[in-house]
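Next up, target02.txt (compact mmCIF, C-alpha atoms):
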# COMPACT_ATOMS: atom_id res chain seq x y z
CA MET A 1 2.17 -20.69 -30.03
CA THR A 2 4.31 -20.93 -26.91
CA SER A 3 4.58 -18.72 -23.88
CA LEU A 4 6.34 -19.12 -20.56
CA PHE A 5 3.95 -18.26 -17.78
CA ARG A 6 5.85 -19.27 -14.63
CA VAL A 7 9.50 -19.92 -13.87
CA ALA A 8 11.18 -20.53 -10.53
CA VAL A 9 14.80 -21.44 -9.83
CA PRO A 10 15.21 -23.29 -6.50
CA ALA A 11 16.72 -21.12 -3.79
CA ALA A 12 19.29 -23.79 -2.99
CA ALA A 13 20.61 -23.61 -6.53
CA LEU A 14 21.16 -19.87 -6.31
CA ALA A 15 22.59 -20.03 -2.81
CA THR A 16 25.36 -22.33 -3.91
CA LEU A 17 26.45 -20.21 -6.84
CA LEU A 18 30.23 -20.25 -7.17
CA THR A 19 30.94 -16.99 -8.93
CA GLY A 20 34.48 -17.98 -9.83
CA CYS A 21 33.37 -20.93 -11.99
CA ALA A 22 29.86 -19.92 -13.08
CA ALA A 23 29.16 -19.54 -16.78
CA SER A 24 27.13 -16.62 -18.08
CA ALA A 25 24.49 -16.36 -20.77
CA ASP A 26 22.17 -13.57 -21.76
CA SER A 27 18.48 -14.11 -22.43
CA PRO A 28 18.11 -15.31 -26.01
CA ASP A 29 17.21 -12.70 -28.58
CA PRO A 30 14.82 -13.63 -31.43
CA GLU A 31 17.76 -14.32 -33.76
CA SER A 32 19.65 -16.56 -31.36
CA THR A 33 19.74 -20.35 -31.73
CA SER A 34 20.74 -20.97 -28.11
CA PRO A 35 18.03 -22.47 -25.89
CA VAL A 36 19.65 -21.17 -22.68
CA ALA A 37 17.50 -18.42 -21.17
CA ALA A 38 19.43 -17.39 -18.05
CA ALA A 39 22.88 -17.54 -16.47
CA PRO A 40 23.47 -20.97 -14.85
CA ALA A 41 24.46 -21.31 -11.22
CA GLU A 42 26.97 -23.94 -10.16
CA VAL A 43 25.42 -26.11 -7.47
CA SER A 44 26.91 -28.54 -4.96
CA LYS A 45 25.30 -31.66 -6.38
CA ALA A 46 23.43 -32.82 -9.46
CA ALA A 47 19.95 -31.29 -9.69
CA PRO A 48 18.03 -33.46 -12.19
CA ARG A 49 14.63 -32.38 -13.43
CA LEU A 50 11.44 -33.99 -14.63
CA VAL A 51 9.11 -32.90 -17.41
CA VAL A 52 5.40 -33.66 -17.30
CA THR A 53 2.93 -33.09 -20.13
CA HIS A 54 -0.66 -32.03 -19.56
CA ASP A 55 -3.55 -30.61 -21.52
CA GLY A 56 -2.22 -27.27 -22.77
CA GLY A 57 1.45 -27.53 -21.98
CA VAL A 58 4.37 -28.99 -20.05
CA THR A 59 5.62 -28.56 -16.49
CA VAL A 60 9.23 -28.86 -15.30
CA LEU A 61 9.78 -30.26 -11.80
CA ASP A 62 12.77 -30.55 -9.51
CA ALA A 63 13.37 -34.31 -9.44
CA SER A 64 14.31 -34.35 -5.74
CA SER A 65 11.64 -32.16 -4.15
CA LEU A 66 9.08 -32.45 -6.99
CA ASP A 67 8.58 -28.69 -6.71
CA THR A 68 7.47 -26.92 -9.89
CA VAL A 69 10.38 -25.12 -11.56
CA ALA A 70 8.72 -23.86 -14.75
CA GLU A 71 5.59 -24.16 -16.88
CA PHE A 72 5.15 -23.70 -20.62
CA GLU A 73 1.99 -23.42 -22.69
CA LEU A 74 1.79 -25.62 -25.78
CA ASP A 75 -1.15 -26.26 -28.06
CA GLY A 76 -2.32 -29.79 -28.82
CA PHE A 77 -1.16 -33.21 -27.69
CA THR A 78 2.53 -33.31 -26.72
CA ARG A 79 4.87 -36.28 -26.28
CA LEU A 80 8.22 -36.47 -24.49
CA ASN A 81 11.64 -38.00 -25.10
CA PRO A 82 15.01 -37.42 -23.38
CA ALA A 83 17.36 -35.89 -25.93
CA GLY A 84 20.30 -38.03 -24.81
CA ASP A 85 22.61 -35.43 -23.29
CA GLY A 86 21.27 -35.48 -19.73
CA ARG A 87 19.97 -31.93 -20.12
CA HIS A 88 17.46 -31.49 -22.93
CA VAL A 89 14.08 -33.08 -23.64
CA LEU A 90 12.48 -33.28 -27.08
CA LEU A 91 8.77 -32.46 -27.36
CA SER A 92 6.79 -33.98 -30.22
CA ALA A 93 4.34 -31.15 -30.76
CA GLY A 94 2.34 -30.38 -33.90
CA SER A 95 4.67 -30.66 -36.89
CA GLN A 96 7.92 -30.29 -34.96
CA PHE A 97 10.31 -31.80 -32.49
CA ARG A 98 10.77 -28.89 -30.08
CA VAL A 99 13.79 -28.61 -27.80
CA LEU A 100 13.32 -27.97 -24.08
CA ASP A 101 16.38 -27.12 -22.01
CA THR A 102 15.51 -28.37 -18.53
CA GLY A 103 18.20 -26.11 -17.10
CA ALA A 104 20.09 -28.80 -15.18
CA TRP A 105 23.25 -30.60 -16.22
CA SER A 106 26.66 -31.87 -15.12
CA GLU A 107 30.10 -31.56 -16.71
CA ALA A 108 32.83 -34.10 -16.01
CA HIS A 109 36.22 -32.67 -14.99
CA GLY A 110 38.67 -35.54 -14.55
CA ASP A 111 37.81 -37.42 -11.36
CA HIS A 112 34.88 -35.17 -10.46
CA ALA A 113 32.01 -33.25 -12.03
CA HIS A 114 30.61 -29.73 -11.85
CA HIS A 115 26.84 -29.40 -11.60
CA TYR A 116 24.73 -26.52 -12.91
CA ALA A 117 21.19 -25.24 -12.60
CA ALA A 118 19.51 -22.56 -14.71
CA THR A 119 16.09 -21.39 -15.78
CA PRO A 120 14.42 -23.92 -18.13
CA ALA A 121 13.76 -22.61 -21.64
CA LEU A 122 12.22 -23.65 -24.94
CA ALA A 123 14.56 -23.18 -27.89
CA ASP A 124 13.46 -20.58 -30.42
CA TRP A 125 14.05 -23.14 -33.19
CA ALA A 126 12.84 -26.70 -33.80
CA PHE A 127 13.32 -29.80 -35.94
CA ASP A 128 10.51 -29.62 -38.50
CA ALA A 129 8.82 -33.01 -38.92
CA ASP A 130 5.67 -34.19 -40.66
CA LYS A 131 4.03 -36.20 -37.86
CA PRO A 132 6.96 -36.37 -35.42
CA GLY A 133 7.30 -39.93 -34.11
CA HIS A 134 9.96 -42.03 -32.43
CA VAL A 135 13.14 -40.61 -30.88
CA VAL A 136 16.01 -43.06 -30.27
CA ARG A 137 19.28 -42.53 -28.40
CA HIS A 138 22.10 -44.93 -29.26
CA GLY A 139 25.76 -44.88 -30.20
CA GLY A 140 26.20 -41.28 -29.03
CA ARG A 141 23.57 -40.09 -31.51
CA THR A 142 19.93 -39.11 -31.27
CA THR A 143 17.72 -40.15 -34.18
CA LEU A 144 14.35 -38.66 -35.11
CA PHE A 145 11.73 -40.29 -37.34
CA ALA A 146 8.98 -38.32 -39.09
CA ASP A 147 6.06 -40.66 -39.78
CA GLY A 148 4.42 -38.39 -42.35
CA SER A 149 7.46 -38.19 -44.62
CA GLY A 150 9.77 -41.08 -43.67
CA ARG A 151 12.56 -38.56 -43.06
CA VAL A 152 15.27 -39.56 -40.59
CA GLU A 153 17.47 -36.97 -38.88
CA SER A 154 20.31 -37.74 -36.46
CA PHE A 155 22.69 -35.57 -34.47
CA ASP A 156 25.06 -35.39 -31.52
CA PRO A 157 22.76 -34.46 -28.60
CA HIS A 158 25.57 -32.71 -26.68
CA ALA A 159 25.66 -30.11 -29.46
CA LEU A 160 22.21 -28.90 -28.37
CA ALA A 161 23.85 -26.79 -25.65
CA ASP A 162 25.29 -24.59 -28.41
CA GLY A 163 22.06 -24.26 -30.42
CA ARG A 164 20.94 -26.02 -33.58
CA PRO A 165 23.22 -29.06 -34.17
CA GLU A 166 24.57 -30.37 -37.45
CA VAL A 167 22.11 -32.98 -38.72
CA ALA A 168 22.60 -36.07 -40.89
CA VAL A 169 19.55 -36.80 -43.03
CA HIS A 170 18.28 -40.06 -44.53
CA GLN A 171 15.10 -40.50 -46.52
CA THR A 172 13.29 -43.83 -46.30
CA PRO A 173 11.56 -44.99 -49.52
CA HIS A 174 8.06 -44.56 -48.08
CA ALA A 175 6.43 -42.65 -45.25
CA HIS A 176 5.23 -44.89 -42.41
CA HIS A 177 4.96 -45.10 -38.62
CA GLY A 178 8.54 -46.16 -38.16
CA VAL A 179 11.76 -45.89 -36.22
CA ALA A 180 15.46 -45.53 -36.99
CA VAL A 181 18.57 -46.28 -34.91
CA ASP A 182 22.12 -45.05 -35.45
CA LEU A 183 24.79 -47.74 -35.05
CA PRO A 184 28.16 -47.16 -33.33
CA ASP A 185 30.01 -47.86 -36.60
CA GLY A 186 28.13 -45.10 -38.42
CA GLY A 187 25.52 -47.40 -39.92
CA LEU A 188 21.78 -47.00 -39.63
CA VAL A 189 18.85 -49.36 -39.04
CA THR A 190 15.40 -48.28 -40.21
CA THR A 191 12.01 -49.95 -40.37
CA ILE A 192 10.50 -50.98 -43.71
CA GLY A 193 6.96 -49.96 -44.49
CA ASP A 194 4.50 -47.65 -46.18
CA SER A 195 1.15 -46.09 -45.35
CA GLU A 196 -0.57 -49.50 -45.61
CA SER A 197 1.76 -51.89 -43.78
CA ARG A 198 5.13 -52.41 -42.08
CA SER A 199 7.18 -55.54 -42.64
CA GLY A 200 10.69 -55.46 -41.12
CA ILE A 201 14.03 -53.65 -40.85
CA VAL A 202 16.94 -52.81 -43.14
CA VAL A 203 20.57 -52.22 -42.10
CA LEU A 204 22.57 -49.57 -43.98
CA ASP A 205 26.31 -48.88 -43.77
CA ARG A 206 27.84 -45.47 -43.09
CA ASP A 207 27.46 -44.60 -46.80
CA ARG A 208 23.80 -45.65 -46.59
CA ARG A 209 24.26 -48.69 -48.80
CA GLU A 210 22.14 -51.68 -47.86
CA VAL A 211 23.91 -54.38 -45.86
CA THR A 212 21.04 -56.71 -44.99
CA ARG A 213 17.31 -56.77 -44.37
CA VAL A 214 14.62 -58.99 -42.90
CA GLU A 215 10.97 -58.53 -43.81
CA GLN A 216 9.43 -61.31 -41.74
CA CYS A 217 8.18 -58.90 -39.07
CA PRO A 218 4.55 -57.92 -39.67
CA GLY A 219 3.54 -54.65 -38.02
CA VAL A 220 7.09 -53.85 -36.88
CA HIS A 221 6.89 -51.35 -34.04
CA GLY A 222 9.20 -49.91 -31.43
CA GLU A 223 12.77 -50.68 -30.47
CA ALA A 224 14.97 -51.18 -27.45
CA VAL A 225 18.71 -51.33 -26.85
CA ALA A 226 20.19 -54.07 -24.68
CA ALA A 227 23.72 -54.84 -23.47
CA ASP A 228 26.49 -55.01 -26.07
CA ASP A 229 24.52 -52.82 -28.52
CA ALA A 230 21.92 -55.49 -29.24
CA LEU A 231 18.72 -54.06 -30.73
CA VAL A 232 15.19 -55.47 -30.50
CA PHE A 233 12.29 -54.51 -32.77
CA GLY A 234 8.76 -55.69 -32.04
CA CYS A 235 6.55 -57.68 -34.44
CA GLN A 236 2.98 -58.99 -34.33
CA ASP A 237 4.43 -62.51 -34.09
CA GLY A 238 7.65 -62.03 -32.14
CA VAL A 239 10.72 -59.80 -32.46
CA LEU A 240 13.73 -59.11 -34.62
CA VAL A 241 17.07 -59.07 -32.79
CA HIS A 242 20.01 -57.23 -34.37
CA ARG A 243 23.26 -58.29 -32.76
CA ASP A 244 26.83 -58.18 -34.13
CA GLY A 245 25.54 -57.34 -37.60
CA VAL A 246 23.14 -60.29 -37.77
CA ILE A 247 19.33 -60.06 -37.72
CA THR A 248 17.48 -62.98 -36.09
CA LYS A 249 13.72 -63.50 -36.09
CA VAL A 250 12.45 -64.84 -32.77
CA GLN A 251 8.94 -66.29 -33.06
CA SER A 252 6.21 -65.76 -30.47
CA PRO A 253 4.62 -68.86 -28.91
CA ASP A 254 1.23 -67.68 -30.24
CA THR A 255 0.28 -67.18 -33.88
CA TYR A 256 -0.55 -63.59 -33.00
CA GLY A 257 1.81 -62.62 -30.20
CA ARG A 258 2.51 -58.91 -30.49
CA ILE A 259 5.48 -57.35 -28.70
CA GLY A 260 4.91 -53.75 -29.74
CA ASN A 261 6.54 -51.83 -26.88
CA GLN A 262 9.89 -52.61 -25.33
CA ALA A 263 12.21 -51.38 -22.57
CA GLY A 264 15.91 -52.15 -22.70
CA SER A 265 18.89 -51.71 -20.40
CA GLU A 266 22.59 -51.55 -21.19
CA ALA A 267 23.08 -53.50 -17.95
CA SER A 268 21.19 -56.54 -19.25
CA PRO A 269 21.06 -58.62 -22.46
CA ILE A 270 17.34 -59.16 -21.79
CA VAL A 271 14.68 -56.79 -23.11
CA LEU A 272 11.27 -56.31 -21.48
CA GLY A 273 8.27 -56.22 -23.80
CA ASP A 274 4.51 -56.09 -23.55
CA TYR A 275 2.64 -59.10 -24.93
CA LYS A 276 -0.77 -59.15 -26.63
CA THR A 277 -2.52 -62.14 -28.23
CA ASP A 278 -5.97 -60.86 -29.24
CA ARG A 279 -5.74 -59.39 -32.71
CA ASP A 280 -9.38 -58.25 -32.71
CA ALA A 281 -9.55 -56.62 -29.26
CA GLU A 282 -10.51 -52.95 -29.15
CA LEU A 283 -8.13 -52.67 -26.22
CA GLU A 284 -6.48 -55.80 -24.90
CA ARG A 285 -5.45 -55.63 -21.24
CA PRO A 286 -2.80 -58.37 -20.99
CA GLU A 287 -1.49 -59.73 -17.70
CA ARG A 288 1.70 -61.21 -19.15
CA VAL A 289 4.90 -59.51 -20.22
CA MET A 290 7.61 -61.06 -22.38
CA LEU A 291 11.36 -61.20 -21.72
CA VAL A 292 13.55 -61.31 -24.83
CA ASP A 293 17.06 -62.73 -24.39
CA THR A 294 19.22 -61.16 -27.11
CA VAL A 295 21.97 -63.78 -26.63
CA THR A 296 19.98 -67.03 -26.57
CA HIS A 297 17.08 -65.66 -28.67
CA ARG A 298 14.65 -67.08 -26.16
CA LEU A 299 11.26 -65.56 -25.26
CA THR A 300 10.11 -66.08 -21.67
CA PRO A 301 6.66 -64.94 -20.49
CA VAL A 302 6.09 -63.63 -16.96
CA GLU A 303 2.63 -63.65 -15.39
CA LEU A 304 1.85 -60.52 -13.38
CA GLY A 305 -1.68 -61.21 -12.21
CA THR A 306 -2.64 -57.67 -13.24
CA SER A 307 -2.85 -55.70 -16.46
CA TYR A 308 -0.71 -52.73 -17.45
CA SER A 309 -0.34 -50.19 -20.28
CA PHE A 310 2.31 -49.27 -22.81
CA ARG A 311 3.43 -46.50 -20.44
CA SER A 312 4.04 -49.04 -17.66
CA LEU A 313 7.42 -50.43 -18.77
CA GLY A 314 10.79 -49.42 -17.35
CA ARG A 315 14.21 -50.68 -16.28
CA GLY A 316 16.12 -50.32 -13.03
CA PRO A 317 19.82 -49.44 -12.66
CA ARG A 318 20.89 -53.08 -12.41
CA GLY A 319 18.73 -54.22 -15.30
CA GLU A 320 15.61 -55.00 -13.24
CA ALA A 321 12.47 -55.14 -15.38
CA LEU A 322 9.78 -52.84 -13.98
CA VAL A 323 6.06 -52.90 -14.76
CA LEU A 324 3.48 -50.53 -13.28
CA GLY A 325 0.32 -52.61 -12.91
CA THR A 326 -3.30 -51.51 -12.86
CA ASP A 327 -3.35 -52.93 -9.32
CA GLY A 328 -1.39 -49.81 -8.36
CA ALA A 329 1.87 -51.65 -7.70
CA LEU A 330 5.29 -51.48 -9.28
CA HIS A 331 6.24 -55.08 -10.15
CA VAL A 332 10.01 -55.65 -10.00
CA ILE A 333 11.05 -58.59 -12.21
CA ASP A 334 14.36 -60.45 -12.03
CA PRO A 335 15.03 -60.83 -15.78
CA VAL A 336 17.36 -63.81 -15.31
CA ALA A 337 15.04 -65.80 -13.07
CA ALA A 338 11.99 -64.48 -15.00
CA THR A 339 10.05 -64.04 -11.76
CA VAL A 340 8.46 -61.11 -9.93
CA ALA A 341 10.93 -60.43 -7.14
CA ARG A 342 8.75 -57.92 -5.28
CA ARG A 343 5.79 -55.55 -5.47
CA ILE A 344 5.87 -51.91 -4.38
CA ASP A 345 2.50 -50.26 -3.79
CA VAL A 346 2.58 -46.78 -5.31
CA VAL A 347 -0.85 -45.59 -6.51
CA ALA A 348 -4.49 -46.64 -6.23
CA PRO A 349 -5.81 -49.33 -8.61
CA TRP A 350 -6.68 -47.88 -12.00
CA THR A 351 -8.20 -48.79 -15.36
CA GLU A 352 -6.44 -48.24 -18.68
CA PRO A 353 -8.45 -45.78 -20.83
CA LEU A 354 -9.52 -46.77 -24.35
CA GLU A 355 -7.77 -43.82 -26.03
CA TRP A 356 -3.99 -44.14 -25.97
CA GLN A 357 -3.54 -40.36 -25.68
CA ASP A 358 -5.57 -40.14 -22.45
CA PRO A 359 -3.76 -39.80 -19.10
CA ARG A 360 -3.10 -42.92 -17.06
CA PRO A 361 -0.51 -43.75 -14.35
CA THR A 362 2.86 -43.62 -16.07
CA LEU A 363 6.35 -44.78 -15.14
CA PHE A 364 9.70 -43.03 -15.67
CA VAL A 365 12.96 -44.32 -14.16
CA ASP A 366 16.13 -42.35 -13.48
CA GLY A 367 18.88 -44.30 -11.74
CA ASP A 368 17.65 -45.71 -8.43
CA THR A 369 14.44 -43.69 -8.51
CA ALA A 370 11.15 -44.52 -10.20
CA TYR A 371 8.70 -41.69 -10.79
CA VAL A 372 5.00 -42.55 -11.08
CA THR A 373 2.15 -40.23 -12.01
CA GLU A 374 -1.41 -40.60 -10.75
CA PRO A 375 -3.75 -38.51 -12.93
CA ALA A 376 -6.78 -39.16 -10.70
CA THR A 377 -5.13 -37.23 -7.85
CA ARG A 378 -2.86 -35.01 -10.01
CA THR A 379 0.08 -36.50 -8.14
CA VAL A 380 3.68 -37.46 -8.92
CA ARG A 381 5.53 -39.80 -6.56
CA ALA A 382 9.20 -40.74 -6.30
CA VAL A 383 10.04 -44.32 -5.29
CA ASP A 384 13.46 -45.48 -4.07
CA LEU A 385 14.02 -48.75 -5.95
CA THR A 386 16.53 -49.93 -3.35
CA THR A 387 14.29 -49.60 -0.31
CA GLY A 388 10.86 -49.55 -1.96
CA ALA A 389 9.95 -46.39 -0.03
CA VAL A 390 8.07 -43.43 -1.49
CA THR A 391 10.56 -40.62 -0.89
CA ALA A 392 8.61 -37.67 -2.28
CA SER A 393 5.11 -36.84 -3.43
CA ALA A 394 3.64 -33.70 -4.95
CA GLU A 395 0.19 -32.65 -6.07
CA LEU A 396 0.27 -30.68 -9.32
CA ALA A 397 -2.01 -27.91 -10.51
CA VAL A 398 -2.57 -29.89 -13.73
CA THR A 399 -3.46 -33.48 -14.64
CA PRO A 400 -0.20 -35.24 -15.60
CA ASN A 401 -0.02 -37.32 -18.76
CA GLU A 402 3.46 -38.32 -19.96
CA ILE A 403 6.56 -37.96 -17.79
CA SER A 404 10.25 -37.95 -18.66
CA GLY A 405 13.41 -36.29 -17.41
CA THR A 406 17.14 -35.76 -17.50
Take the structure from the file and write it as structure tokens.
Amino acid sequence: MTSLFRVAVPAAALATLLTGCAASADSPDPESTSPVAAAPAEVSKAAPRLVVTHDGGVTVLDASSLDTVAEFELDGFTRLNPAGDGRHVLLSAGSQFRVLDTGAWSEAHGDHAHHYAATPALADWAFDADKPGHVVRHGGRTTLFADGSGRVESFDPHALADGRPEVAVHQTPHAHHGVAVDLPDGGLVTTIGDSESRSGIVVLDRDRREVTRVEQCPGVHGEAVAADDALVFGCQDGVLVHRDGVITKVQSPDTYGRIGNQAGSEASPIVLGDYKTDRDAELERPERVMLVDTVTHRLTPVELGTSYSFRSLGRGPRGEALVLGTDGALHVIDPVAATVARRIDVVAPWTEPLEWQDPRPTLFVDGDTAYVTEPATRTVRAVDLTTGAVTASAELAVTPNEISGT
């Protein structure tokens, strides 16, 4: 099903190899569980990488130069999620969560870190999942939800470097399009639903005994983590906020006011969400976003003057709320003032396609850099969020769809 058809390790990475400290690894044999495919080189600075999906596979890029590092063929529609260890990315493909080692990582050594670069590789094993869905990183754990079975699996993402990790399993009562989040105290939050409807969330303790639940959240969808481990789950009429063990329903100002996609930041108690009010629309193109304050439980709308898509939401390093508009600009929102602080022109104006799987300009943020795809020109651009300047741009050989990274 999968074949590697091009791999390139940047010359700079190999030139800075420090033979005295470099680790070694052989190419994986068919029986191995290690995803590492080649000996890593120690490099002078961190060398993060991006992963882009396209029709027929995924492409790994150097996050600084945007040069292509590797390409992999994959059948069908593929989705992306960072694994949570700063190195691996999980691919929702077919009936599995596949593990992609991007081949770039850092290891802390006291007051400094060592940085490594290696050949990207797909693991020769996977997490089997009936309709692989949401992936959540929180509390030092990564949690997978299989929509077709309601099975929840969680693990320490740093164990991926050694192969298949030890997995904790929880089975929800009914299969549904859901999400689960591990809590720092060992507890677990999962959505409540079945194949017909979804109604809320339930909190379980470390022994998976029920602590509390709230079912006043029709169509519960998505989650985001804010400062102080606050969690937000979207509803068709507001949100549920889980904070300090208490679940609070926050009502939308409209009877139907859906906040189905959210972006959180550990630097801010305020979560960014999309906001839709037309229940019957084939595809609503809203021009408002909603800010959810997890401390005051207040919802504050922000008018953008342009529409956006569910792949338009992101957060900056200081908690800025970022929205990629169909006007081609990146709208930077001050979440405290609830105002658009500035606009950064990045791509040409675009129209959101009717099918959610189809490519459209997409936003991914890593530190001070925002990465934006432009499918119409097969381009990826890097934007410095401090200066607003486009620092790199690359035309790909494929049409980019989703984008993520390490």
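Distance annotation: of A:Ala321, A:Leu291, A:Ala63, A:Cys217, the residue with the minimal separation from Ala392 (chain A) is A:Ala63; atom set is only C-alpha atoms.
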Hey, what's within 6 Å of region 344-351 of chain A if we count only C-alpha atoms and toss same-chain stuff fewer than 4 positions away? As a PDB file with C-alpha atoms, in the frame of the given file, please?
ATOM      1  CA  THR A 326      -3.300 -51.510 -12.860  1.00  0.00           C
ATOM      2  CA  ASP A 327      -3.350 -52.930  -9.320  1.00  0.00           C
ATOM      3  CA  GLY A 328      -1.390 -49.810  -8.360  1.00  0.00           C
ATOM      4  CA  ALA A 329       1.870 -51.650  -7.700  1.00  0.00           C
ATOM      5  CA  LEU A 330       5.290 -51.480  -9.280  1.00  0.00           C
TER       6      LEU A 330
END
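Of the listed residues A:Pro375, A:Gly388, A:Pro359, A:Pro184, the one whose atoms come nearest to His331 (chain A) is A:Gly388, with distances taken using only C-alpha atoms.
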Please provide the set of residues having any atom within 9 Å of region 272-279 of chain A, restricted to only C-alpha atoms, with same-chain residues fewer than 6 positions apart removed, written as a compact mmCIF listing (two decimals) with C-alpha atoms, in the coordinates of the input.
# COMPACT_ATOMS: atom_id res chain seq x y z
CA ALA A 224 14.97 -51.18 -27.45
CA GLY A 234 8.76 -55.69 -32.04
CA GLN A 236 2.98 -58.99 -34.33
CA ASP A 254 1.23 -67.68 -30.24
CA THR A 255 0.28 -67.18 -33.88
CA TYR A 256 -0.55 -63.59 -33.00
CA GLY A 257 1.81 -62.62 -30.20
CA ARG A 258 2.51 -58.91 -30.49
CA ILE A 259 5.48 -57.35 -28.70
CA GLY A 260 4.91 -53.75 -29.74
CA ASN A 261 6.54 -51.83 -26.88
CA GLN A 262 9.89 -52.61 -25.33
CA ALA A 263 12.21 -51.38 -22.57
CA GLY A 264 15.91 -52.15 -22.70
CA SER A 265 18.89 -51.71 -20.40
CA ARG A 285 -5.45 -55.63 -21.24
CA PRO A 286 -2.80 -58.37 -20.99
CA GLU A 287 -1.49 -59.73 -17.70
CA ARG A 288 1.70 -61.21 -19.15
CA VAL A 289 4.90 -59.51 -20.22
CA MET A 290 7.61 -61.06 -22.38
CA LEU A 291 11.36 -61.20 -21.72
CA VAL A 292 13.55 -61.31 -24.83
CA PRO A 301 6.66 -64.94 -20.49
CA TYR A 308 -0.71 -52.73 -17.45
CA SER A 309 -0.34 -50.19 -20.28
CA PHE A 310 2.31 -49.27 -22.81
CA LEU A 313 7.42 -50.43 -18.77
CA GLY A 314 10.79 -49.42 -17.35
CA ARG A 315 14.21 -50.68 -16.28
CA ALA A 321 12.47 -55.14 -15.38
CA LEU A 322 9.78 -52.84 -13.98
CA PRO A 335 15.03 -60.83 -15.78
Can you tell me, as a PyMOL selection string, what residues are no more than 12 Å from Val372 (chain A) when counting all atoms listed in the file, ignoring any on the same chain fewer than 3 positions away? chain A and resi 50+52+63+66+311-314+322-325+328-330+344-348+360-366+369+375+377-384+390-394+400-404
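When all atoms listed in the file are used to compute distances to Lys131 (chain A), the closest of the residues A:Leu160, A:Ala108, A:Ala175, A:Val336 turns out to be A:Ala175.
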Could you please determine the separation between CA of Arg343 (chain A) and CA of Glu320 (chain A) in Å, to one decimal place? 12.5 Å
Set up a box along x, y and z of the file covering all listed atoms of region 101-108 of chain A, add 8 Å on every one of the six sides, and write the centre and edge lengths in Å to one decimal, as JSON.
{"center_x": 24.2, "center_y": -30.1, "center_z": -18.6, "size_x": 33.3, "size_y": 24.0, "size_z": 22.9}
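The spacing separating CA of Ser197 (chain A) from CA of Glu215 (chain A) amounts to 11.4 Å.
For the set A:Glu153, A:Asp228, A:Asp334, A:Glu42, the residue with the smallest atom-to-atom gap to Ala117 (chain A) is A:Glu42, counting only C-alpha atoms.
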Could you name the residues that touch Glu107 (chain A) at 12 Å or less, counting all atoms listed in the file, but leaving out those on the same chain fewer than 4 positions away, as number ranges by chain? A: 42-43, 45-46, 85-87, 111-117, 158, 161
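When all atoms listed in the file are used to compute distances to Arg243 (chain A), the closest of the residues A:Asp62, A:Asp182, A:Asp130, A:Asp229 turns out to be A:Asp229.
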In terms of all atoms listed in the file, the residue from A:Gly222, A:Gly305, A:Gly57, A:Gly187 at minimal distance from Asp207 (chain A) is A:Gly187
May I have the protein, DNA and RNA residues with any atom at most 9 Å from the point (-4.1, -24.5, -30.9), counting only C-alpha atoms, written as JSON, numbers by chain? {"A": [1, 56, 74, 75, 76]}
Pairwise distance for CA of Ser149 (chain A) and CA of Ser95 (chain A), rounded to one decimal in Å: 11.1 Å
Would you list the residues near (11.8, -24.2, -31.6), meaning any protein, DNA or RNA residue with an atom at most 7 Å from that point in file coordinates, counting all atoms listed in the file, as a compact mmCIF listing (two decimals) with C-alpha atoms, in the frame of the given file?
# COMPACT_ATOMS: atom_id res chain seq x y z
CA ARG A 98 10.77 -28.89 -30.08
CA VAL A 99 13.79 -28.61 -27.80
CA LEU A 122 12.22 -23.65 -24.94
CA ALA A 123 14.56 -23.18 -27.89
CA ASP A 124 13.46 -20.58 -30.42
CA TRP A 125 14.05 -23.14 -33.19
CA ALA A 126 12.84 -26.70 -33.80
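Neighbouring residues of Arg137 (chain A) at 10 Å or closer, counting all atoms listed in the file and skipping chain neighbours under 3 positions away, are Asn81, Pro82, Ala83, Gly84, Asp85, Gly140, Arg141, Thr142, Thr143, Leu144, Ser154, Phe155, Asp156, Pro157, Ala180, Val181, Asp182, Ala224 and Val225 of chain A.
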